[in-house]
file protein12.txt (compact mmCIF, C-alpha atoms (C1' of nucleotides))
# COMPACT_ATOMS: atom_id res chain seq x y z
CA MET A 15 -17.89 -48.04 -73.99
CA TYR A 16 -15.10 -45.97 -72.58
CA VAL A 17 -13.61 -46.91 -69.28
CA VAL A 18 -12.42 -43.69 -67.78
CA ILE A 19 -9.50 -44.29 -65.50
CA MET A 20 -9.60 -41.56 -62.99
CA LYS A 21 -6.63 -39.51 -62.01
CA GLU A 22 -6.84 -40.75 -58.44
CA ASP A 23 -6.81 -44.37 -59.53
CA GLN A 24 -3.75 -43.77 -61.64
CA LEU A 25 -2.04 -42.02 -58.79
CA HIS A 26 -2.90 -44.89 -56.47
CA GLN A 27 -1.48 -47.32 -58.97
CA LEU A 28 1.63 -45.21 -59.45
CA ILE A 29 2.26 -45.12 -55.72
CA TRP A 30 1.81 -48.84 -55.25
CA MET A 31 4.12 -49.61 -58.12
CA SER A 32 6.88 -48.27 -55.90
CA ARG A 33 7.15 -51.56 -54.05
CA PRO A 34 7.76 -53.85 -57.03
CA LEU A 35 9.91 -51.14 -58.58
CA MET A 36 12.07 -51.02 -55.51
CA GLN A 37 12.32 -54.78 -55.29
CA ALA A 38 13.37 -55.08 -58.90
CA ALA A 39 15.89 -52.30 -58.46
CA GLU A 40 17.37 -53.91 -55.38
CA ALA A 41 17.61 -57.24 -57.14
CA CYS A 42 19.56 -55.56 -59.93
CA VAL A 43 21.86 -53.79 -57.49
CA GLU A 44 22.46 -57.03 -55.67
CA ALA A 45 23.29 -58.77 -58.92
CA GLY A 46 25.78 -56.01 -59.68
CA LEU A 47 27.49 -56.59 -56.35
CA VAL A 48 28.31 -60.24 -56.94
CA GLY A 49 32.04 -60.75 -56.76
CA THR A 50 32.76 -57.54 -54.86
CA ASN A 51 32.38 -58.73 -51.24
CA LEU A 52 30.02 -55.82 -50.81
CA THR A 53 26.55 -55.99 -49.34
CA VAL A 54 23.73 -53.71 -50.42
CA ARG A 55 24.00 -51.73 -47.23
CA MET A 56 27.77 -51.29 -47.56
CA ARG A 57 27.12 -50.05 -51.05
CA ALA A 58 24.68 -47.52 -49.65
CA VAL A 59 27.31 -46.16 -47.28
CA LEU A 60 29.88 -45.90 -50.05
CA GLU A 61 27.37 -44.17 -52.30
CA MET A 62 26.63 -41.54 -49.67
CA LEU A 63 30.31 -40.87 -49.17
CA ASP A 64 30.91 -40.65 -52.90
CA LYS A 65 27.88 -38.49 -53.58
CA TYR A 66 27.96 -36.09 -50.66
CA GLY A 67 31.58 -36.31 -49.58
CA GLU A 68 33.12 -37.43 -46.33
CA GLN A 69 30.78 -37.33 -43.37
CA THR A 70 29.94 -38.82 -40.00
CA VAL A 71 27.65 -41.70 -39.15
CA PRO A 72 24.81 -39.46 -37.93
CA GLU A 73 24.99 -37.43 -41.12
CA ILE A 74 24.68 -40.54 -43.25
CA ALA A 75 21.78 -41.67 -41.11
CA ALA A 76 19.98 -38.40 -41.71
CA ARG A 77 20.47 -38.69 -45.46
CA LEU A 78 19.29 -42.29 -45.58
CA GLU A 79 16.48 -41.50 -43.17
CA ILE A 80 17.19 -44.52 -41.03
CA LYS A 81 18.20 -44.65 -37.38
CA ARG A 82 21.76 -43.81 -36.52
CA GLN A 83 22.18 -47.02 -34.51
CA TYR A 84 21.65 -49.12 -37.56
CA VAL A 85 23.73 -46.91 -39.79
CA GLN A 86 26.47 -47.33 -37.21
CA VAL A 87 26.40 -51.06 -37.83
CA MET A 88 26.43 -50.54 -41.58
CA CYS A 89 29.35 -48.16 -41.33
CA ASN A 90 31.32 -50.41 -39.02
CA GLU A 91 31.00 -53.20 -41.55
CA THR A 92 32.10 -50.91 -44.31
CA PHE A 93 35.01 -49.65 -42.26
CA ALA A 94 36.08 -53.23 -41.58
CA SER A 95 36.23 -53.82 -45.31
CA GLY A 96 38.99 -51.27 -45.69
CA LEU A 97 37.09 -49.22 -48.26
CA VAL A 98 36.68 -46.38 -45.82
CA VAL A 99 38.94 -44.64 -43.33
CA GLN A 100 38.15 -42.75 -40.16
CA ARG A 101 39.53 -39.25 -39.96
CA PRO A 102 39.54 -37.04 -36.89
CA ASN A 103 36.52 -34.78 -36.74
CA PRO A 104 37.28 -31.20 -35.70
CA ARG A 105 33.62 -30.68 -34.92
CA HIS A 106 33.21 -33.69 -32.67
CA LYS A 107 36.02 -35.70 -31.18
CA ARG A 108 34.07 -38.89 -30.55
CA SER A 109 32.57 -39.06 -33.98
CA PRO A 110 35.13 -39.59 -36.70
CA ILE A 111 34.58 -38.47 -40.26
CA LEU A 112 34.31 -41.35 -42.68
CA ALA A 113 36.04 -40.99 -46.02
CA LEU A 114 36.49 -43.27 -48.98
CA THR A 115 39.89 -44.77 -49.57
CA ASP A 116 41.14 -44.69 -53.15
CA HIS A 117 40.13 -48.29 -53.47
CA GLY A 118 36.71 -47.55 -52.05
CA ARG A 119 36.16 -44.63 -54.41
CA THR A 120 37.26 -46.63 -57.43
CA LEU A 121 35.01 -49.50 -56.46
CA ILE A 122 31.85 -47.53 -55.77
CA GLU A 123 32.28 -45.41 -58.88
CA GLU A 124 32.69 -48.48 -60.97
CA ILE A 125 29.58 -50.03 -59.47
CA ILE A 126 27.55 -46.88 -60.04
CA SER A 127 28.92 -46.61 -63.55
CA ASN A 128 27.65 -50.11 -64.24
CA GLU A 129 24.30 -49.17 -62.79
CA MET A 130 24.21 -46.21 -65.14
CA LYS A 131 24.78 -48.52 -68.05
CA LEU A 132 21.81 -50.49 -66.84
CA MET A 133 19.84 -47.25 -66.72
CA GLU A 134 20.62 -46.71 -70.39
CA LYS A 135 19.14 -50.07 -71.24
CA VAL A 136 16.16 -49.64 -68.99
CA GLY A 137 15.32 -46.18 -70.25
CA ALA A 138 16.12 -46.89 -73.87
CA ASN A 139 12.67 -46.32 -75.29
CA VAL A 140 11.47 -43.69 -72.86
CA SER A 141 12.02 -40.06 -73.73
CA SER A 142 14.05 -37.73 -71.54
CA GLU A 143 11.03 -35.50 -71.21
CA ASP A 144 8.86 -38.29 -69.90
CA ILE A 145 11.49 -39.32 -67.41
CA SER A 146 11.78 -35.73 -66.21
CA THR A 147 8.04 -35.52 -65.85
CA ALA A 148 7.89 -38.81 -63.99
CA LEU A 149 10.63 -37.72 -61.64
CA GLU A 150 8.89 -34.44 -60.91
CA VAL A 151 5.61 -36.18 -60.23
CA VAL A 152 7.17 -38.76 -57.97
CA LEU A 153 9.14 -36.17 -56.03
CA ALA A 154 6.03 -34.06 -55.51
CA VAL A 155 3.88 -37.01 -54.53
CA ALA A 156 6.45 -38.41 -52.11
CA ASP A 157 6.76 -35.02 -50.51
CA ARG A 158 3.01 -34.64 -50.07
CA LEU A 159 2.64 -38.13 -48.70
CA LYS A 160 5.37 -37.53 -46.17
CA THR A 161 3.65 -34.39 -44.99
CA GLN A 162 0.35 -36.25 -44.70
CA ALA A 163 1.91 -39.14 -42.85
CA GLY A 164 3.59 -36.69 -40.51
CA GLU A 165 0.35 -34.85 -39.80
CA ARG A 166 -1.62 -37.97 -39.00
CA ALA A 167 1.05 -39.33 -36.67
CA MET B 4 26.98 -22.47 -66.82
CA TYR B 5 24.42 -25.11 -67.51
CA VAL B 6 24.41 -28.25 -65.46
CA VAL B 7 23.04 -30.89 -67.73
CA ILE B 8 21.32 -33.59 -65.75
CA MET B 9 21.55 -36.67 -67.83
CA LYS B 10 18.65 -38.90 -68.56
CA GLU B 11 20.32 -41.81 -66.82
CA ASP B 12 20.86 -39.80 -63.66
CA GLN B 13 17.24 -38.81 -63.61
CA LEU B 14 16.16 -42.37 -64.11
CA HIS B 15 18.47 -43.49 -61.32
CA GLN B 16 16.96 -40.86 -59.06
CA LEU B 17 13.44 -41.81 -60.09
CA ILE B 18 14.07 -45.44 -59.27
CA TRP B 19 15.59 -44.73 -55.89
CA MET B 20 12.72 -42.46 -54.96
CA SER B 21 10.61 -45.60 -54.86
CA ARG B 22 11.85 -46.43 -51.38
CA PRO B 23 10.87 -43.21 -49.62
CA LEU B 24 7.70 -43.09 -51.70
CA MET B 25 6.75 -46.54 -50.53
CA GLN B 26 7.56 -45.76 -46.94
CA ALA B 27 5.49 -42.61 -46.95
CA ALA B 28 2.62 -44.44 -48.62
CA GLU B 29 2.72 -47.23 -46.09
CA ALA B 30 2.77 -44.75 -43.25
CA CYS B 31 -0.36 -43.14 -44.67
CA VAL B 32 -2.10 -46.46 -45.10
CA GLU B 33 -1.22 -47.41 -41.56
CA ALA B 34 -2.60 -44.14 -40.29
CA GLY B 35 -5.83 -44.83 -42.17
CA LEU B 36 -6.15 -48.19 -40.44
CA VAL B 37 -6.17 -46.85 -36.91
CA GLY B 38 -9.39 -47.82 -35.20
CA THR B 39 -10.23 -50.65 -37.58
CA ASN B 40 -8.40 -53.57 -35.91
CA LEU B 41 -6.83 -54.19 -39.30
CA THR B 42 -3.15 -54.60 -39.98
CA VAL B 43 -1.50 -53.52 -43.18
CA ARG B 44 -1.20 -57.11 -44.33
CA MET B 45 -4.83 -57.88 -43.60
CA ARG B 46 -5.71 -54.83 -45.63
CA ALA B 47 -3.64 -56.20 -48.49
CA VAL B 48 -5.60 -59.44 -48.46
CA LEU B 49 -8.92 -57.62 -48.40
CA GLU B 50 -7.81 -55.37 -51.24
CA MET B 51 -6.92 -58.34 -53.43
CA LEU B 52 -10.28 -59.94 -52.77
CA ASP B 53 -12.11 -56.72 -53.49
CA LYS B 54 -10.11 -55.90 -56.59
CA TYR B 55 -9.83 -59.30 -58.25
CA GLY B 56 -12.72 -61.17 -56.68
CA GLU B 57 -12.76 -64.26 -54.54
CA GLN B 58 -9.67 -66.41 -54.83
CA THR B 59 -7.44 -68.88 -53.05
CA VAL B 60 -4.34 -68.29 -50.99
CA PRO B 61 -1.92 -69.32 -53.73
CA GLU B 62 -3.64 -66.98 -56.16
CA ILE B 63 -3.28 -64.06 -53.78
CA ALA B 64 0.36 -65.00 -53.26
CA ALA B 65 0.97 -64.90 -57.00
CA ARG B 66 -0.63 -61.46 -57.28
CA LEU B 67 1.31 -60.06 -54.35
CA GLU B 68 4.46 -61.79 -55.55
CA ILE B 69 5.28 -63.14 -52.13
CA LYS B 70 5.57 -66.74 -51.00
CA ARG B 71 2.38 -68.64 -50.43
CA GLN B 72 3.46 -69.69 -46.92
CA TYR B 73 3.50 -66.12 -45.75
CA VAL B 74 0.30 -65.22 -47.53
CA GLN B 75 -1.24 -68.20 -45.77
CA VAL B 76 -0.47 -66.57 -42.45
CA MET B 77 -1.85 -63.25 -43.62
CA CYS B 78 -5.02 -64.90 -44.83
CA ASN B 79 -5.50 -66.92 -41.68
CA GLU B 80 -5.37 -63.73 -39.66
CA THR B 81 -7.85 -62.09 -41.96
CA PHE B 82 -10.14 -65.11 -41.79
CA ALA B 83 -9.98 -65.02 -38.01
CA SER B 84 -11.20 -61.44 -38.11
CA GLY B 85 -14.49 -62.52 -39.70
CA LEU B 86 -14.09 -60.21 -42.68
CA VAL B 87 -13.62 -63.15 -44.97
CA VAL B 88 -15.30 -66.52 -45.40
CA GLN B 89 -14.01 -69.78 -46.81
CA ARG B 90 -16.05 -71.28 -49.59
CA PRO B 91 -15.61 -74.75 -51.06
CA ASN B 92 -13.37 -74.72 -54.11
CA PRO B 93 -14.60 -76.86 -56.99
CA ARG B 94 -11.13 -76.78 -58.51
CA HIS B 95 -9.25 -77.92 -55.43
CA LYS B 96 -10.82 -79.48 -52.40
CA ARG B 97 -8.10 -78.67 -49.93
CA SER B 98 -7.77 -75.06 -50.90
CA PRO B 99 -10.89 -73.06 -50.08
CA ILE B 100 -11.84 -69.94 -51.96
CA LEU B 101 -11.68 -66.84 -49.82
CA ALA B 102 -14.45 -64.30 -50.25
CA LEU B 103 -15.26 -61.04 -48.53
CA THR B 104 -18.18 -60.93 -46.15
CA ASP B 105 -20.52 -57.98 -46.48
CA HIS B 106 -18.82 -56.42 -43.53
CA GLY B 107 -15.41 -57.08 -45.07
CA ARG B 108 -16.43 -55.54 -48.38
CA THR B 109 -17.90 -52.48 -46.73
CA LEU B 110 -14.81 -52.00 -44.62
CA ILE B 111 -12.19 -52.37 -47.33
CA GLU B 112 -14.14 -50.19 -49.74
CA GLU B 113 -14.44 -47.50 -47.14
CA ILE B 114 -10.73 -47.67 -46.43
CA ILE B 115 -9.87 -47.48 -50.10
CA SER B 116 -12.32 -44.67 -50.58
CA ASN B 117 -10.52 -42.73 -47.87
CA GLU B 118 -7.23 -43.47 -49.56
CA MET B 119 -8.67 -42.09 -52.77
CA LYS B 120 -9.57 -38.90 -50.97
CA LEU B 121 -5.96 -38.72 -49.89
CA MET B 122 -4.97 -39.20 -53.53
CA GLU B 123 -7.04 -36.16 -54.45
CA LYS B 124 -5.12 -34.07 -51.99
CA VAL B 125 -1.77 -35.49 -52.94
CA GLY B 126 -2.33 -35.06 -56.66
CA ALA B 127 -4.05 -31.72 -56.38
CA ASN B 128 -1.56 -29.68 -58.33
CA VAL B 129 -0.32 -32.34 -60.70
CA SER B 130 -2.04 -32.70 -64.05
CA SER B 131 -3.76 -35.89 -65.14
CA GLU B 132 -1.48 -36.03 -68.14
CA ASP B 133 1.64 -35.89 -66.04
CA ILE B 134 0.34 -38.60 -63.75
CA SER B 135 -0.44 -40.78 -66.76
CA THR B 136 3.02 -40.20 -68.12
CA ALA B 137 4.61 -40.97 -64.78
CA LEU B 138 2.61 -44.16 -64.45
CA GLU B 139 3.60 -45.30 -67.92
CA VAL B 140 7.24 -44.60 -67.27
CA VAL B 141 7.22 -46.38 -63.95
CA LEU B 142 5.41 -49.41 -65.34
CA ALA B 143 7.86 -49.66 -68.22
CA VAL B 144 10.90 -49.21 -66.03
CA ALA B 145 9.72 -51.71 -63.43
CA ASP B 146 9.09 -54.21 -66.17
CA ARG B 147 12.53 -53.76 -67.68
CA LEU B 148 14.23 -53.97 -64.31
CA LYS B 149 12.42 -57.18 -63.49
CA THR B 150 13.56 -58.68 -66.76
CA GLN B 151 17.12 -57.60 -66.08
CA ALA B 152 17.07 -58.94 -62.55
CA GLY B 153 15.67 -62.20 -63.84
CA GLU B 154 18.34 -62.54 -66.50
CA ARG B 155 21.21 -61.96 -64.13
CA ALA B 156 19.94 -64.44 -61.59
C1' DC C 5 -8.24 -96.79 -62.51
C1' DC C 6 -3.97 -96.23 -60.61
C1' DA C 7 0.61 -94.77 -59.76
C1' DA C 8 3.58 -90.81 -60.15
C1' DT C 9 3.66 -86.10 -59.46
C1' DA C 10 1.98 -81.66 -57.94
C1' DT C 11 -0.55 -78.70 -54.79
C1' DT C 12 -1.82 -77.10 -50.48
C1' DG C 13 -2.03 -76.01 -45.54
C1' DA C 14 0.42 -76.17 -41.46
C1' DC C 15 4.25 -75.55 -38.88
C1' DA C 16 9.22 -74.54 -37.59
C1' DT C 17 13.40 -72.27 -38.44
C1' DT C 18 16.06 -68.68 -40.30
C1' DT C 19 17.30 -64.28 -42.41
C1' DA C 20 17.19 -59.33 -43.45
C1' DT C 21 16.28 -54.92 -42.18
C1' DG C 22 15.43 -52.27 -39.31
C1' DT C 23 13.50 -49.88 -34.45
C1' DT C 24 13.76 -48.90 -29.62
C1' DG C 25 15.90 -48.48 -25.33
C1' DT C 26 19.78 -47.80 -22.54
C1' DC C 27 24.46 -46.69 -20.93
C1' DA C 28 28.78 -44.55 -20.43
C1' DT C 29 31.46 -41.31 -22.51
C1' DT C 30 32.50 -37.29 -24.26
C1' DA C 31 31.21 -32.61 -26.36
C1' DT C 32 28.95 -28.44 -26.49
C1' DG C 33 27.12 -24.15 -25.28
C1' DA C 34 24.75 -20.93 -22.12
C1' DT D 28 31.46 -24.90 -15.06
C1' DC D 29 27.48 -27.24 -15.37
C1' DA D 30 23.37 -28.81 -17.61
C1' DT D 31 22.28 -30.74 -21.82
C1' DA D 32 23.08 -32.94 -26.18
C1' DA D 33 25.50 -36.08 -29.23
C1' DT D 34 27.82 -40.30 -30.03
C1' DG D 35 29.23 -45.18 -30.16
C1' DA D 36 28.27 -49.50 -28.36
C1' DC D 37 25.35 -52.99 -27.15
C1' DA D 38 21.01 -55.58 -26.25
C1' DA D 39 16.32 -56.62 -27.02
C1' DC D 40 12.60 -56.62 -29.95
C1' DA D 41 9.64 -56.25 -34.28
C1' DT D 42 8.26 -57.24 -38.84
C1' DA D 43 8.19 -59.05 -43.30
C1' DA D 44 9.48 -62.51 -45.66
C1' DA D 45 12.17 -66.67 -47.28
C1' DT D 46 13.07 -71.47 -46.70
C1' DG D 47 12.49 -76.20 -45.43
C1' DT D 48 9.64 -79.92 -44.37
C1' DC D 49 5.60 -82.89 -43.66
C1' DA D 50 1.33 -85.08 -44.28
C1' DA D 51 -2.76 -84.89 -46.69
C1' DT D 52 -4.95 -84.56 -50.61
C1' DA D 53 -5.51 -83.59 -55.81
C1' DT D 54 -4.46 -84.05 -60.38
C1' DT D 55 -3.00 -86.24 -64.40
C1' DG D 56 -0.81 -89.25 -67.79
C1' DG D 57 -0.70 -93.77 -69.04
call {"tool": "encode", "arguments": {"input": "protein12.txt", "output": "structure tokens"}}
result
Amino acid sequence: MYVVIMKEDQLHQLIWMSRPLMQAAEACVEAGLVGTNLTVRMRAVLEMLDKYGEQTVPEIAARLEIKRQYVQVMCNETFASGLVVQRPNPRHKRSPILALTDHGRTLIEEIISNEMKLMEKVGANVSSEDISTALEVVLAVADRLKTQAGERA
Amino acid sequence: MYVVIMKEDQLHQLIWMSRPLMQAAEACVEAGLVGTNLTVRMRAVLEMLDKYGEQTVPEIAARLEIKRQYVQVMCNETFASGLVVQRPNPRHKRSPILALTDHGRTLIEEIISNEMKLMEKVGANVSSEDISTALEVVLAVADRLKTQAGERA
DNA sequence: CCAATATTGACATTTATGTTGTCATTATGA
DNA sequence: TCATAATGACAACATAAATGTCAATATTGG
């Protein structure tokens, strides 16, 4: 007898795998941070600055989709570490632009480079095509779910 | 000029989509619980009982991969709601087996059925094949990441 | 059968990751 | 210029979960 696994069941399963996936990913990131004096949230700030360039606290908050008040705390910590400098913001005098120092850039790029090496291992026996497909699916599904969640709220 | 997006970058992106995906999914689940007097964690307990049959608190904890002490709290709440009964456990006298009441079963199956309807919407323009592929990729990646995280710790 | 060991429920404390609310201080823009 | 918005700073709260501990059983190897 065939057991037909319906599309909806698979989608449900896919979506609920996101939690263990995230937890495993965070555990790996955390492991990669040992010895750097960085916390996961400081790493997140550095990553945003490296990926999208220098920016203000509210901008980072928008990208991370978490409240600016909390991002403020994260950024203050990161600033205190000396990996980031505050530069005057021509667009808003009270809100400095955060930028990586050389040390900060070197550090975050090294961390991300190590994470990429981990990605090589993790994706070793999965084809590029399948990863592309998976990414497309997940992006589409996340987008739809967000819309739905927004509508119901 | 072509911009070649490397496999590793896509995998990295896929993995980090798990956070927003999870958040959107949880928001949808929460929205579906309005009017039921259920919390998200009570729903999780009911789902485990519906999916894997009657079981004890430590068993549920193992499946959810969270500490038994917290699952105990979740289960006590659920028990208090009357959606679950405690049955004597022949294998361990201090640890009763939790089982859904008829009302509990009806309720959780209705909730999940509604979630499945949401899945239909969300997956409307994604093919079954692509969803299968995505699920396989995500399962494989999560598994590998867990192994990695375990090894480093 | 009994002693050593493990399991479980119950409870208290602590931590991590945020959210929400508020205030004073600027900035901005009509 | 004046109403409104944005920002940083701070406090309070919420939630999910980990951690530690205890007493009461249960289980199991000798």
call {"tool": "atom_distance", "arguments": {"input": "protein12.txt", "atom1": "CA of Thr92 (chain A)", "atom2": "CA of Met56 (chain A)"}}
result
5.4 Å
call {"tool": "closest_atom_pairs", "arguments": {"input": "protein12.txt", "of": "chain B", "to": "chain D", "cutoff": "12 Å", "atoms": "all atoms listed in the file", "output": "tab-separated table"}}
result
residue	atom	partner	partner_atom	distance
B:Thr42	CA	D:DT42	C1'	11.8
B:Val43	CA	D:DA43	C1'	11.2
B:Arg44	CA	D:DA43	C1'	9.6
B:Glu68	CA	D:DA44	C1'	11.1
B:Ile69	CA	D:DA44	C1'	7.7
B:Lys70	CA	D:DA45	C1'	7.6
B:Arg71	CA	D:DA45	C1'	10.5
B:Gln72	CA	D:DA45	C1'	9.2
B:Tyr73	CA	D:DA44	C1'	7.0
B:Val74	CA	D:DA44	C1'	9.8
B:Val76	CA	D:DA44	C1'	11.2
B:Met77	CA	D:DA43	C1'	10.9
B:Asn92	CA	D:DA53	C1'	12.0
B:Pro93	CA	D:DA53	C1'	11.4
B:Arg94	CA	D:DA53	C1'	9.2
B:His95	CA	D:DA53	C1'	6.8
B:Lys96	CA	D:DA53	C1'	7.5
B:Arg97	CA	D:DT52	C1'	6.7
B:Ser98	CA	D:DT52	C1'	9.9
call {"tool": "interface_residues", "arguments": {"input": "protein12.txt", "of": "chain C", "to": "chain A", "cutoff": "12 Å", "atoms": "all atoms listed in the file", "output": "PyMOL selection string"}}
result
chain C and resi 20-25+29-32
call {"tool": "closest_atom_pairs", "arguments": {"input": "protein12.txt", "of": "chain A", "to": "chain B", "cutoff": "6 Å", "atoms": "only C-alpha atoms", "output": "CSV"}}
result
residue,atom,partner,partner_atom,distance
A:Lys21,CA,B:Ser131,CA,5.6
A:Glu22,CA,B:Met122,CA,5.5
A:Leu28,CA,B:Leu138,CA,5.2
A:Ser32,CA,B:Ser21,CA,4.7
A:Leu35,CA,B:Ala145,CA,4.9
A:Met36,CA,B:Ser21,CA,5.7
A:Ala38,CA,B:Lys149,CA,5.1
A:Ala41,CA,B:Ala152,CA,5.7
A:Cys42,CA,B:Ala152,CA,4.9
A:Met133,CA,B:Glu11,CA,5.5
A:Val136,CA,B:Arg147,CA,5.6
A:Ser142,CA,B:Lys10,CA,5.6
A:Ala148,CA,B:Ala137,CA,4.0
A:Leu149,CA,B:Leu17,CA,5.2
A:Ala156,CA,B:Leu24,CA,4.9
A:Arg158,CA,B:Val125,CA,5.6
A:Leu159,CA,B:Ala27,CA,5.6
A:Lys160,CA,B:Ala27,CA,5.1
A:Ala163,CA,B:Cys31,CA,4.9
call {"tool": "atom_distance", "arguments": {"input": "protein12.txt", "atom1": "CA of Leu101 (chain B)", "atom2": "CA of Ser116 (chain B)"}}
result
22.2 Å
call {"tool": "closest_residue", "arguments": {"input": "protein12.txt", "among": "B:Ala83, B:Cys78, B:Val60, B:Ala102", "to": "DT12 (chain C)", "atoms": "all atoms listed in the file"}}
result
B:Val60
call {"tool": "atom_distance", "arguments": {"input": "protein12.txt", "atom1": "CA of Tyr5 (chain B)", "atom2": "CA of Leu121 (chain A)"}}
result
28.8 Å
call {"tool": "residues_near_point", "arguments": {"input": "protein12.txt", "point": "(34.3, -37.8, -46.9)", "cutoff": "12 Å", "atoms": "all atoms listed in the file", "output": "PyMOL selection string"}}
result
chain A and resi 59-71+73-74+97-103+110-116+118-119
call {"tool": "decode", "arguments": {"input": "protein12.txt", "residues": "region 40-61 of chain B", "atoms": "N, CA and C atoms", "output": "PDB file, in the first residue's frame"}}
result
ATOM      1  N   ASN B  40      -8.974  29.488  23.875  1.00  0.00           N
ATOM      2  CA  ASN B  40      -8.395  29.397  25.222  1.00  0.00           C
ATOM      3  C   ASN B  40      -7.116  28.568  25.249  1.00  0.00           C
ATOM      4  N   LEU B  41      -6.577  28.291  24.073  1.00  0.00           N
ATOM      5  CA  LEU B  41      -5.318  27.548  24.014  1.00  0.00           C
ATOM      6  C   LEU B  41      -4.156  28.505  23.851  1.00  0.00           C
ATOM      7  N   THR B  42      -3.017  28.104  24.424  1.00  0.00           N
ATOM      8  CA  THR B  42      -1.784  28.834  24.140  1.00  0.00           C
ATOM      9  C   THR B  42      -0.981  28.016  23.127  1.00  0.00           C
ATOM     10  N   VAL B  43       0.030  28.643  22.587  1.00  0.00           N
ATOM     11  CA  VAL B  43       0.842  27.954  21.582  1.00  0.00           C
ATOM     12  C   VAL B  43       1.467  26.705  22.186  1.00  0.00           C
ATOM     13  N   ARG B  44       1.893  26.798  23.459  1.00  0.00           N
ATOM     14  CA  ARG B  44       2.548  25.625  24.029  1.00  0.00           C
ATOM     15  C   ARG B  44       1.568  24.511  24.367  1.00  0.00           C
ATOM     16  N   MET B  45       0.339  24.891  24.737  1.00  0.00           N
ATOM     17  CA  MET B  45      -0.671  23.851  24.934  1.00  0.00           C
ATOM     18  C   MET B  45      -0.959  23.160  23.607  1.00  0.00           C
ATOM     19  N   ARG B  46      -1.026  23.945  22.566  1.00  0.00           N
ATOM     20  CA  ARG B  46      -1.243  23.369  21.241  1.00  0.00           C
ATOM     21  C   ARG B  46      -0.135  22.379  20.885  1.00  0.00           C
ATOM     22  N   ALA B  47       1.080  22.708  21.264  1.00  0.00           N
ATOM     23  CA  ALA B  47       2.197  21.812  20.958  1.00  0.00           C
ATOM     24  C   ALA B  47       2.020  20.468  21.655  1.00  0.00           C
ATOM     25  N   VAL B  48       1.583  20.522  22.912  1.00  0.00           N
ATOM     26  CA  VAL B  48       1.350  19.279  23.654  1.00  0.00           C
ATOM     27  C   VAL B  48       0.260  18.457  22.979  1.00  0.00           C
ATOM     28  N   LEU B  49      -0.837  19.115  22.658  1.00  0.00           N
ATOM     29  CA  LEU B  49      -1.949  18.404  22.014  1.00  0.00           C
ATOM     30  C   LEU B  49      -1.505  17.794  20.692  1.00  0.00           C
ATOM     31  N   GLU B  50      -0.713  18.536  19.942  1.00  0.00           N
ATOM     32  CA  GLU B  50      -0.257  18.031  18.646  1.00  0.00           C
ATOM     33  C   GLU B  50       0.586  16.764  18.817  1.00  0.00           C
ATOM     34  N   MET B  51       1.451  16.769  19.800  1.00  0.00           N
ATOM     35  CA  MET B  51       2.283  15.580  20.035  1.00  0.00           C
ATOM     36  C   MET B  51       1.416  14.378  20.384  1.00  0.00           C
ATOM     37  N   LEU B  52       0.410  14.612  21.218  1.00  0.00           N
ATOM     38  CA  LEU B  52      -0.463  13.509  21.615  1.00  0.00           C
ATOM     39  C   LEU B  52      -1.290  13.003  20.437  1.00  0.00           C
ATOM     40  N   ASP B  53      -1.692  13.921  19.586  1.00  0.00           N
ATOM     41  CA  ASP B  53      -2.498  13.530  18.433  1.00  0.00           C
ATOM     42  C   ASP B  53      -1.642  12.793  17.406  1.00  0.00           C
ATOM     43  N   LYS B  54      -0.427  13.291  17.234  1.00  0.00           N
ATOM     44  CA  LYS B  54       0.442  12.779  16.176  1.00  0.00           C
ATOM     45  C   LYS B  54       1.084  11.456  16.557  1.00  0.00           C
ATOM     46  N   TYR B  55       1.561  11.361  17.794  1.00  0.00           N
ATOM     47  CA  TYR B  55       2.324  10.179  18.187  1.00  0.00           C
ATOM     48  C   TYR B  55       1.590   9.316  19.211  1.00  0.00           C
ATOM     49  N   GLY B  56       0.374   9.671  19.532  1.00  0.00           N
ATOM     50  CA  GLY B  56      -0.380   8.873  20.492  1.00  0.00           C
ATOM     51  C   GLY B  56      -0.065   9.244  21.923  1.00  0.00           C
ATOM     52  N   GLU B  57      -0.769   8.611  22.832  1.00  0.00           N
ATOM     53  CA  GLU B  57      -0.632   8.929  24.243  1.00  0.00           C
ATOM     54  C   GLU B  57       0.782   8.628  24.722  1.00  0.00           C
ATOM     55  N   GLN B  58       1.282   9.469  25.592  1.00  0.00           N
ATOM     56  CA  GLN B  58       2.671   9.363  26.027  1.00  0.00           C
ATOM     57  C   GLN B  58       2.894  10.170  27.302  1.00  0.00           C
ATOM     58  N   THR B  59       4.044   9.980  27.889  1.00  0.00           N
ATOM     59  CA  THR B  59       4.360  10.658  29.144  1.00  0.00           C
ATOM     60  C   THR B  59       5.060  11.996  28.887  1.00  0.00           C
ATOM     61  N   VAL B  60       5.191  12.745  29.956  1.00  0.00           N
ATOM     62  CA  VAL B  60       5.861  14.044  29.855  1.00  0.00           C
ATOM     63  C   VAL B  60       7.294  13.910  29.329  1.00  0.00           C
ATOM     64  N   PRO B  61       8.103  13.029  29.885  1.00  0.00           N
ATOM     65  CA  PRO B  61       9.464  12.910  29.364  1.00  0.00           C
ATOM     66  C   PRO B  61       9.522  12.511  27.886  1.00  0.00           C
TER      67      PRO B  61
END
